[in-house]
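Have a look at the structure below, then the notes.
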Amino acid sequence: MNPTIKILQSHRSIRKFTDQPIDARLLDDILSAGQSAATSSFIQATTVIRIGDSDKRNALVELTGGQKYVASCAEFFVLCADLHRNQQQVLELGERPDYHWTEQFLAATVDVGLFAQNMVIAAQSAGLGVCYIGGIRNHPEQVSEMLKLPDLVYPVFGLCLGYPDQNPDKKPRLPLTAVVHQDSYNLSDSVKADIVKYDDAVKAYYIDRTQGQLEVSWSQQMAKQAAGQSRPFMRNFLENKGFMRK
Ligand SMILES: Cc1cc2nc3c(=O)[nH]c(=O)nc-3n(C[C@H](O)[C@H](O)[C@H](O)COP(=O)(O)O)c2cc1C
């Protein structure tokens with residue numbers, strides 16, 4: 001099989017890393033691969049903050065809900081959606097930029113996702129493991145303060161990189177029939193039946209991974225995930241940062 005596709009299809013998040021550092025040239029290549037991703041209207045709205053300071057790493061472990069691998073991975077990055085840089089450049093031209101549209105927020109956030117996933121693929125192709133850290137949005141104001149993020153910059157997620165010290169099984173994904181529809185949206189009964197089978201596969205995956213401690217289907221996980229509040233402070237936080245005001 002095409003080796004790139006093989007890497008993509010063998011993705012697993014890694015949460016335990018060895019002490020081996022990442023060579024500086026490899027790191028540059030990974031970052032430059034990130035930067036080579038497509039970018040909406042050429043806005044290049046990603047800023048990556050590399051966290052080397054161990055006090056900051058430890059503080060981020062706490063702020064992300066006790067995720068220890070934020071400190072123990074070789075490299076930890078906070079990936080930010082950044083319209084501040086563009087705003088400053090446009091101001092320099094004597095123009096009056098308006099970056100408060102929801103569409104611009106979406107474009108900047110999508111840019112960050114593409115940049116990061118390019119980094120991930122580059123890293124995995126070099127034998128590194130990765131873990132995204134959405135927990136960076138648990139306390140976005142404190143993170144913004146710590147990293148001195150100006151208005152129109154927000155932390156979208158963190159990214160751990162390092163050499164893997166574990167080899168978890170691949171987590172099964174929804175069947176393609178559920179996620180690829182032909183010509184129009186169609187969540188048919190046969191697709192729903194496929195999802196029931198998938199639920200069983202996910203249950204089996206967790207039973208195996210946790211030696212029987214956890215027995216939960218994907219649908220049950222989604223029910224739990226959608227039951228509580230979902231970072232209810234996020235809308236105010238983003239508006240205060242200057243995003244999505246209209
Ligand atoms: C944007 C994003 C945020 C995530 N945040 C976290 C996180 O805070 N902590 C964590 O351990 N995993 C996090 N993950 C990893 C997911 O839990 C993981 O990708 C998912 O369960 C599928 O497992 P897999 O990556 O091993 O295939 C995140 C993934 C994404 C894409």
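FYI, nothing fancy with the structure tokens labels: chains A, B, ... in order, residues from 1 per chain, ligands from 1 as they appear.
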
Write out as JSON lines the residues of stretch 135-196 of chain A that have any atom within 9 Å of an atom of stretch 79-84 of chain A, one row each with the nearest atom pair and its distance in Å to one decimal, counting only C-alpha atoms, sorted by chain and then rising number.
{"residue": "A:Leu149", "atom": "CA", "partner": "A:Cys80", "partner_atom": "CA", "distance": 8.8}
{"residue": "A:Pro150", "atom": "CA", "partner": "A:His84", "partner_atom": "CA", "distance": 7.2}
{"residue": "A:Asp151", "atom": "CA", "partner": "A:His84", "partner_atom": "CA", "distance": 6.5}
{"residue": "A:Leu152", "atom": "CA", "partner": "A:His84", "partner_atom": "CA", "distance": 5.0}
{"residue": "A:Val153", "atom": "CA", "partner": "A:Asp82", "partner_atom": "CA", "distance": 4.4}
{"residue": "A:Tyr154", "atom": "CA", "partner": "A:Cys80", "partner_atom": "CA", "distance": 5.3}
{"residue": "A:Pro155", "atom": "CA", "partner": "A:Cys80", "partner_atom": "CA", "distance": 4.3}
{"residue": "A:Val156", "atom": "CA", "partner": "A:Cys80", "partner_atom": "CA", "distance": 5.3}
{"residue": "A:Phe157", "atom": "CA", "partner": "A:Leu79", "partner_atom": "CA", "distance": 5.6}
{"residue": "A:Gly158", "atom": "CA", "partner": "A:Leu79", "partner_atom": "CA", "distance": 5.8}
{"residue": "A:Leu159", "atom": "CA", "partner": "A:Leu79", "partner_atom": "CA", "distance": 7.4}

Could you list, as a PyMOL selection string, all the residues within 6 Å of ligand 1, counting only C-alpha atoms and all ligand atoms?
chain A and resi 11-13+131-135+171

Of the candidates A:Leu174, A:Val78, A:Val130, A:Ala107, which one gets nearest to A:Val202 if we count only C-alpha atoms?
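Among the listed residues, the smallest separation from A:Val202 belongs to A:Leu174.
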
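Residue nearest A:Lys56, chosen from A:Lys197, A:Val143, A:Gln104, A:Pro168 and counting only C-alpha atoms: A:Val143.
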
Please identify every residue of stretch 100-215 of chain A that has at least one atom no farther than 7 Å from an atom of stretch 3-10 of chain A, counting only C-alpha atoms, and for each give the shortest atom pair and the distance in Å to one decimal, arranged by chain then increasing number, as JSON lines.
{"residue": "A:Gln124", "atom": "CA", "partner": "A:Ile7", "partner_atom": "CA", "distance": 7.0}
{"residue": "A:Ser125", "atom": "CA", "partner": "A:Ile7", "partner_atom": "CA", "distance": 6.5}
{"residue": "A:Lys170", "atom": "CA", "partner": "A:Ser10", "partner_atom": "CA", "distance": 6.7}

One number please: atom CA of A:Phe76 to atom CA of A:Cys160, in Å, one decimal.
4.7 Å

Skipping near chain neighbours, those fewer than 2 positions away, what residues fall within 9 Å of stretch 204-210 of chain A using only C-alpha atoms, listed as number ranges by chain?
A: 168-172, 199-202, 212-217

Dump N, CA and C atoms for the selected residues as an mmCIF file, in the first residue's frame?
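The file below, out-v4.cif, is the result:
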data_model
loop_
_atom_site.group_PDB
_atom_site.id
_atom_site.type_symbol
_atom_site.label_atom_id
_atom_site.label_comp_id
_atom_site.auth_asym_id
_atom_site.auth_seq_id
_atom_site.Cartn_x
_atom_site.Cartn_y
_atom_site.Cartn_z
ATOM 1 N N PRO A 168 -0.789 1.307 21.524
ATOM 2 C CA PRO A 168 -2.210 0.972 21.679
ATOM 3 C C PRO A 168 -2.821 0.456 20.377
ATOM 4 N N ASP A 169 -3.925 -0.291 20.533
ATOM 5 C CA ASP A 169 -4.633 -0.748 19.334
ATOM 6 C C ASP A 169 -5.275 0.449 18.655
ATOM 7 N N LYS A 170 -5.510 0.257 17.391
ATOM 8 C CA LYS A 170 -6.174 1.310 16.623
ATOM 9 C C LYS A 170 -7.644 1.365 17.043
ATOM 10 N N LYS A 171 -8.146 2.578 17.245
ATOM 11 C CA LYS A 171 -9.541 2.734 17.685
ATOM 12 C C LYS A 171 -10.455 2.681 16.454
ATOM 13 N N PRO A 172 -11.441 1.801 16.485
ATOM 14 C CA PRO A 172 -12.275 1.651 15.287
ATOM 15 C C PRO A 172 -13.077 2.922 14.980
ATOM 16 N N ASP A 199 -21.186 -0.095 17.124
ATOM 17 C CA ASP A 199 -21.254 0.045 18.584
ATOM 18 C C ASP A 199 -20.689 -1.199 19.275
ATOM 19 N N ASP A 200 -21.019 -2.366 18.723
ATOM 20 C CA ASP A 200 -20.502 -3.619 19.305
ATOM 21 C C ASP A 200 -18.985 -3.691 19.164
ATOM 22 N N ALA A 201 -18.479 -3.219 18.012
ATOM 23 C CA ALA A 201 -17.019 -3.265 17.791
ATOM 24 C C ALA A 201 -16.308 -2.335 18.777
ATOM 25 N N VAL A 202 -16.906 -1.184 19.044
ATOM 26 C CA VAL A 202 -16.285 -0.237 19.983
ATOM 27 C C VAL A 202 -16.310 -0.814 21.400
ATOM 28 N N GLY A 212 -11.601 -5.499 30.490
ATOM 29 C CA GLY A 212 -12.973 -5.680 30.955
ATOM 30 C C GLY A 212 -13.488 -4.603 31.898
ATOM 31 N N GLN A 213 -12.659 -3.608 32.210
ATOM 32 C CA GLN A 213 -13.085 -2.555 33.150
ATOM 33 C C GLN A 213 -14.148 -1.642 32.543
ATOM 34 N N LEU A 214 -14.014 -1.415 31.246
ATOM 35 C CA LEU A 214 -14.915 -0.474 30.573
ATOM 36 C C LEU A 214 -15.630 -1.203 29.450
ATOM 37 N N GLU A 215 -16.980 -1.046 29.439
ATOM 38 C CA GLU A 215 -17.749 -1.710 28.387
ATOM 39 C C GLU A 215 -18.759 -0.684 27.892
ATOM 40 N N VAL A 216 -18.363 0.074 26.903
ATOM 41 C CA VAL A 216 -19.216 1.184 26.487
ATOM 42 C C VAL A 216 -19.202 1.285 24.960
ATOM 43 N N SER A 217 -20.396 1.489 24.403
ATOM 44 C CA SER A 217 -20.472 1.606 22.942
ATOM 45 C C SER A 217 -20.182 3.047 22.535
#

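Within 7 Å of A:Phe17, once only C-alpha atoms are used and residues closer than 5 positions along the same chain are dropped, the contacting residues are Ser72, Cys73, Gly162, Tyr163, Pro164 and Asp165 of chain A.
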
Would you please work out which residue, of A:Thr47, A:Ala193, A:Pro140, A:Arg231, is nearest to A:Leu60 when using only C-alpha atoms?
A:Pro140

Which distance in Å separates atom CA of A:Asn118 and atom CA of A:Asp53, to one decimal?
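Computed distance, atom CA of A:Asn118 to atom CA of A:Asp53, equals 24.8 Å.
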
When you count only C-alpha atoms, which of these residues is closest to A:Gly52: A:Val70, A:Ile30, A:Leu238, A:Ala38?
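That would be A:Val70, the residue with the smallest distance to A:Gly52.
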
Enter the distance from atom CA of A:Arg245 to atom CA of A:Gly228, in Å, rounded to one decimal.
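Distance between the two atoms: 25.5 Å.
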
Apply DSSP to the backbone of this structure and, from stretch 4-176 of chain A, keep only the residues in alpha helix (DSSP H); write these as number ranges by chain.
A: 4-9, 24-35, 54-63, 69-72, 84-92, 102-125, 140-146, 176

Please provide the set of residues having any atom within 9 Å of stretch 19-29 of chain A, restricted to only C-alpha atoms, with same-chain residues fewer than 2 positions apart removed, written as a count of residues only.
17

Please provide as a JSON list (two decimals) with C-alpha atoms, in the first residue's frame all residues within 10 Å of A:Leu176, with the sequence filter that same-chain residues fewer than 4 positions apart are discarded (counting only C-alpha atoms).
[["chain", "number", "residue", "atom", "x", "y", "z"],
["A", 180, "VAL", "CA", -19.93, 8.90, 3.01],
["A", 181, "HIS", "CA", -23.30, 9.48, 1.35],
["A", 191, "VAL", "CA", -26.67, 2.78, 7.80],
["A", 194, "ASP", "CA", -24.21, -0.59, 10.43]]

Which residues in stretch 36-81 of chain A does DSSP call strand (DSSP E)? List them as a PyMOL selection string.
chain A and resi 46-50+75-81

Residue selection dump (N, CA, C and O atoms) as an mmCIF file, in the first residue's frame:
data_model
loop_
_atom_site.group_PDB
_atom_site.id
_atom_site.type_symbol
_atom_site.label_atom_id
_atom_site.label_comp_id
_atom_site.auth_asym_id
_atom_site.auth_seq_id
_atom_site.Cartn_x
_atom_site.Cartn_y
_atom_site.Cartn_z
ATOM 1 N N THR A 46 -2.540 30.677 11.507
ATOM 2 C CA THR A 46 -2.079 29.805 12.597
ATOM 3 C C THR A 46 -0.846 30.398 13.263
ATOM 4 O O THR A 46 0.075 30.838 12.574
ATOM 5 N N THR A 47 -0.843 30.404 14.581
ATOM 6 C CA THR A 47 0.387 30.665 15.339
ATOM 7 C C THR A 47 0.616 29.480 16.266
ATOM 8 O O THR A 47 -0.308 29.024 16.950
ATOM 9 N N VAL A 48 1.851 28.980 16.252
ATOM 10 C CA VAL A 48 2.201 27.821 17.076
ATOM 11 C C VAL A 48 3.096 28.312 18.206
ATOM 12 O O VAL A 48 4.110 28.956 17.944
ATOM 13 N N ILE A 49 2.712 28.008 19.424
ATOM 14 C CA ILE A 49 3.568 28.398 20.550
ATOM 15 C C ILE A 49 4.197 27.131 21.132
ATOM 16 O O ILE A 49 3.492 26.238 21.602
ATOM 17 N N ARG A 50 5.523 27.083 21.011
ATOM 18 C CA ARG A 50 6.267 25.926 21.525
ATOM 19 C C ARG A 50 6.526 26.176 23.004
ATOM 20 O O ARG A 50 7.102 27.200 23.378
ATOM 21 N N GLU A 75 7.930 17.403 23.030
ATOM 22 C CA GLU A 75 7.576 18.758 22.583
ATOM 23 C C GLU A 75 6.088 18.972 22.786
ATOM 24 O O GLU A 75 5.279 18.090 22.480
ATOM 25 N N PHE A 76 5.757 20.156 23.300
ATOM 26 C CA PHE A 76 4.339 20.496 23.432
ATOM 27 C C PHE A 76 4.093 21.854 22.790
ATOM 28 O O PHE A 76 4.811 22.820 23.057
ATOM 29 N N PHE A 77 3.090 21.879 21.946
ATOM 30 C CA PHE A 77 2.743 23.107 21.225
ATOM 31 C C PHE A 77 1.310 23.511 21.551
ATOM 32 O O PHE A 77 0.446 22.650 21.703
ATOM 33 N N VAL A 78 1.091 24.811 21.624
ATOM 34 C CA VAL A 78 -0.279 25.311 21.662
ATOM 35 C C VAL A 78 -0.550 25.941 20.300
ATOM 36 O O VAL A 78 0.185 26.847 19.874
ATOM 37 N N LEU A 79 -1.545 25.406 19.625
ATOM 38 C CA LEU A 79 -1.874 25.914 18.291
ATOM 39 C C LEU A 79 -3.002 26.932 18.410
ATOM 40 O O LEU A 79 -4.073 26.624 18.943
ATOM 41 N N CYS A 80 -2.717 28.128 17.921
ATOM 42 C CA CYS A 80 -3.654 29.232 18.090
ATOM 43 C C CYS A 80 -4.207 29.694 16.751
ATOM 44 O O CYS A 80 -3.470 29.759 15.761
ATOM 45 N N ALA A 81 -5.487 30.058 16.768
ATOM 46 C CA ALA A 81 -6.062 30.773 15.621
ATOM 47 C C ALA A 81 -5.736 32.242 15.831
ATOM 48 O O ALA A 81 -5.995 32.800 16.898
#
